[in-house]
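Text of run-v4.pdb (PDB, C-alpha atoms, pLDDT in the B column) as supplied:
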```
MODEL        1
ATOM      1  CA  MET M 313      88.541 100.849  89.224  1.00 78.00           C
ATOM      2  CA  VAL M 314      89.036  97.200  90.133  1.00 92.00           C
ATOM      3  CA  TYR M 315      91.557  98.310  92.780  1.00 90.00           C
ATOM      4  CA  LEU M 316      89.047 100.603  94.504  1.00 92.00           C
ATOM      5  CA  ALA M 317      86.264  98.040  94.230  1.00 94.00           C
ATOM      6  CA  GLU M 318      88.437  95.483  96.003  1.00 94.00           C
ATOM      7  CA  VAL M 319      89.423  97.987  98.705  1.00 94.00           C
ATOM      8  CA  ALA M 320      85.737  98.764  99.262  1.00 94.00           C
ATOM      9  CA  ARG M 321      84.802  95.070  99.286  1.00 94.00           C
ATOM     10  CA  LEU M 322      87.423  94.227 101.916  1.00 93.00           C
ATOM     11  CA  SER M 323      86.615  97.204 104.139  1.00 94.00           C
ATOM     12  CA  PRO M 324      84.504  96.823 107.287  1.00 94.00           C
ATOM     13  CA  PRO M 325      80.778  97.549 106.876  1.00 94.00           C
ATOM     14  CA  GLY M 326      80.138 101.282 106.633  1.00 94.00           C
ATOM     15  CA  MET M 327      83.824 102.106 106.138  1.00 95.00           C
ATOM     16  CA  ALA M 328      84.134 101.812 102.345  1.00 95.00           C
ATOM     17  CA  SER M 329      84.519 105.565 101.841  1.00 95.00           C
ATOM     18  CA  ALA M 330      87.237 105.875 104.494  1.00 96.00           C
ATOM     19  CA  ALA M 331      89.071 102.829 103.134  1.00 96.00           C
ATOM     20  CA  THR M 332      88.996 103.984  99.514  1.00 96.00           C
ATOM     21  CA  GLY M 333      89.930 107.534 100.545  1.00 95.00           C
ATOM     22  CA  GLY M 334      92.917 106.228 102.504  1.00 95.00           C
ATOM     23  CA  ALA M 335      93.985 103.983  99.643  1.00 95.00           C
ATOM     24  CA  LEU M 336      93.815 106.877  97.190  1.00 95.00           C
ATOM     25  CA  ALA M 337      95.731 109.170  99.562  1.00 96.00           C
ATOM     26  CA  VAL M 338      98.609 106.686  99.754  1.00 92.00           C
ATOM     27  CA  THR M 339      98.496 106.081  96.004  1.00 91.00           C
ATOM     28  CA  PHE M 340      98.623 109.752  95.096  1.00 94.00           C
ATOM     29  CA  LEU M 341     101.277 110.459  97.724  1.00 93.00           C
ATOM     30  CA  GLY M 342     103.517 108.205  95.663  1.00 87.00           C
ATOM     31  CA  VAL M 343     102.504 110.028  92.489  1.00 91.00           C
ATOM     32  CA  VAL M 344     103.441 113.382  94.032  1.00 94.00           C
ATOM     33  CA  LEU M 345     106.586 112.402  95.945  1.00 92.00           C
ATOM     34  CA  GLY M 346     107.957 109.760  93.565  1.00 89.00           C
ATOM     35  CA  PRO M 347     109.249 112.100  90.853  1.00 93.00           C
ATOM     36  CA  VAL M 348     110.617 114.526  93.455  1.00 94.00           C
ATOM     37  CA  LEU M 349     112.548 111.778  95.232  1.00 92.00           C
ATOM     38  CA  PHE M 350     113.748 110.343  91.918  1.00 93.00           C
ATOM     39  CA  ALA M 351     115.041 113.764  90.848  1.00 94.00           C
ATOM     40  CA  ALA M 352     116.681 114.402  94.218  1.00 95.00           C
ATOM     41  CA  LEU M 353     118.445 111.045  94.208  1.00 93.00           C
ATOM     42  CA  SER M 354     119.511 111.361  90.586  1.00 93.00           C
ATOM     43  CA  GLY M 355     120.696 114.923  91.142  1.00 94.00           C
ATOM     44  CA  ALA M 356     122.641 114.002  94.277  1.00 95.00           C
ATOM     45  CA  THR M 357     124.475 111.179  92.520  1.00 94.00           C
ATOM     46  CA  GLY M 358     124.754 112.846  89.121  1.00 94.00           C
ATOM     47  CA  SER M 359     123.267 109.822  87.387  1.00 91.00           C
ATOM     48  CA  TYR M 360     119.852 108.416  86.588  1.00 93.00           C
ATOM     49  CA  ARG M 361     121.195 104.989  87.513  1.00 92.00           C
ATOM     50  CA  ALA M 362     120.657 105.560  91.253  1.00 90.00           C
ATOM     51  CA  GLY M 363     117.111 106.801  90.699  1.00 90.00           C
ATOM     52  CA  TYR M 364     116.170 103.792  88.617  1.00 91.00           C
ATOM     53  CA  ALA M 365     117.930 101.424  91.011  1.00 89.00           C
ATOM     54  CA  ALA M 366     115.844 102.867  93.848  1.00 88.00           C
ATOM     55  CA  LEU M 367     112.695 101.931  91.925  1.00 87.00           C
ATOM     56  CA  VAL M 368     113.716  98.284  91.988  1.00 91.00           C
ATOM     57  CA  LEU M 369     113.515  97.977  95.790  1.00 88.00           C
ATOM     58  CA  PRO M 370     109.747  98.532  96.187  1.00 87.00           C
ATOM     59  CA  ALA M 371     109.076  96.303  93.177  1.00 90.00           C
ATOM     60  CA  LEU M 372     111.130  93.490  94.703  1.00 93.00           C
ATOM     61  CA  LEU M 373     109.424  93.915  98.070  1.00 93.00           C
ATOM     62  CA  CYS M 374     106.014  93.684  96.410  1.00 91.00           C
ATOM     63  CA  CYS M 375     107.057  90.591  94.459  1.00 91.00           C
ATOM     64  CA  ALA M 376     108.372  88.945  97.632  1.00 91.00           C
ATOM     65  CA  GLY M 377     105.158  89.773  99.474  1.00 91.00           C
ATOM     66  CA  LEU M 378     103.024  88.332  96.692  1.00 89.00           C
ATOM     67  CA  LEU M 379     105.099  85.170  96.517  1.00 89.00           C
ATOM     68  CA  LEU M 380     104.937  84.705 100.294  1.00 89.00           C
ATOM     69  CA  ARG M 381     101.162  85.152 100.279  1.00 84.00           C
ATOM     70  CA  ARG M 382     100.685  82.775  97.384  1.00 79.00           C
ATOM     71  CA  GLY M 383      97.730  80.541  98.061  1.00 68.00           C
ATOM     72  CA  VAL M 384      96.525  82.612 101.035  1.00 68.00           C
ATOM     73  CA  ARG M 385      92.969  83.792 100.480  1.00 69.00           C
ATOM     74  CA  PRO M 386      91.176  86.495 102.475  1.00 65.00           C
ATOM     75  CA  ALA M 387      88.245  85.326 104.575  1.00 60.00           C
TER      76      ALA M 387
ENDMDL
END
```
Show me, as structure tokens, the structure contained in the file I just sent.
Amino acid sequence: MVYLAEVARLSPPGMASAATGGALAVTFLGVVLGPVLFAALSGATGSYRAGYAALVLPALLCCAGLLLRRGVRPA
């Protein structure tokens, strides 16, 4: 709930519903496609190792983005 409240707070006036709807669409796209892609990658390589290794990349990108934005505050 905090996530959606922040999306709504940062959205332009009158656009909170479109912003939260878009945020939820992207979120649930990952929920739907994530397991399918994990299974496809693991099945193609014959090991869960590749599937789990692929999960590390987005996590590292998010960490790098957060570290680079450290101290930057939205207006």
Taken to one decimal, the CA of Thr357 (chain M)-CA of Ala337 (chain M) distance is 29.7 Å
For the atom pair CA of Tyr364 (chain M) and CA of Ala351 (chain M), what is the interatomic distance in Å to one decimal place?
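Result for CA of Tyr364 (chain M) versus CA of Ala351 (chain M): 10.3 Å, one decimal.
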How many Å separate CA of Gly342 (chain M) from CA of Ala371 (chain M)?
13.4 Å
Can you check which parts of region 333-367 of chain M lie within 10 Å of region 313-322 of chain M? Per residue, the shortest pair of atoms and distance in Å to one decimal, counting all atoms listed in the file, sorted by chain and number, as JSON lines.
```
{"residue": "M:Gly333", "atom": "CA", "partner": "M:Leu316", "partner_atom": "CA", "distance": 9.2}
{"residue": "M:Gly334", "atom": "CA", "partner": "M:Val319", "partner_atom": "CA", "distance": 9.7}
{"residue": "M:Ala335", "atom": "CA", "partner": "M:Val319", "partner_atom": "CA", "distance": 7.6}
{"residue": "M:Leu336", "atom": "CA", "partner": "M:Leu316", "partner_atom": "CA", "distance": 8.3}
```
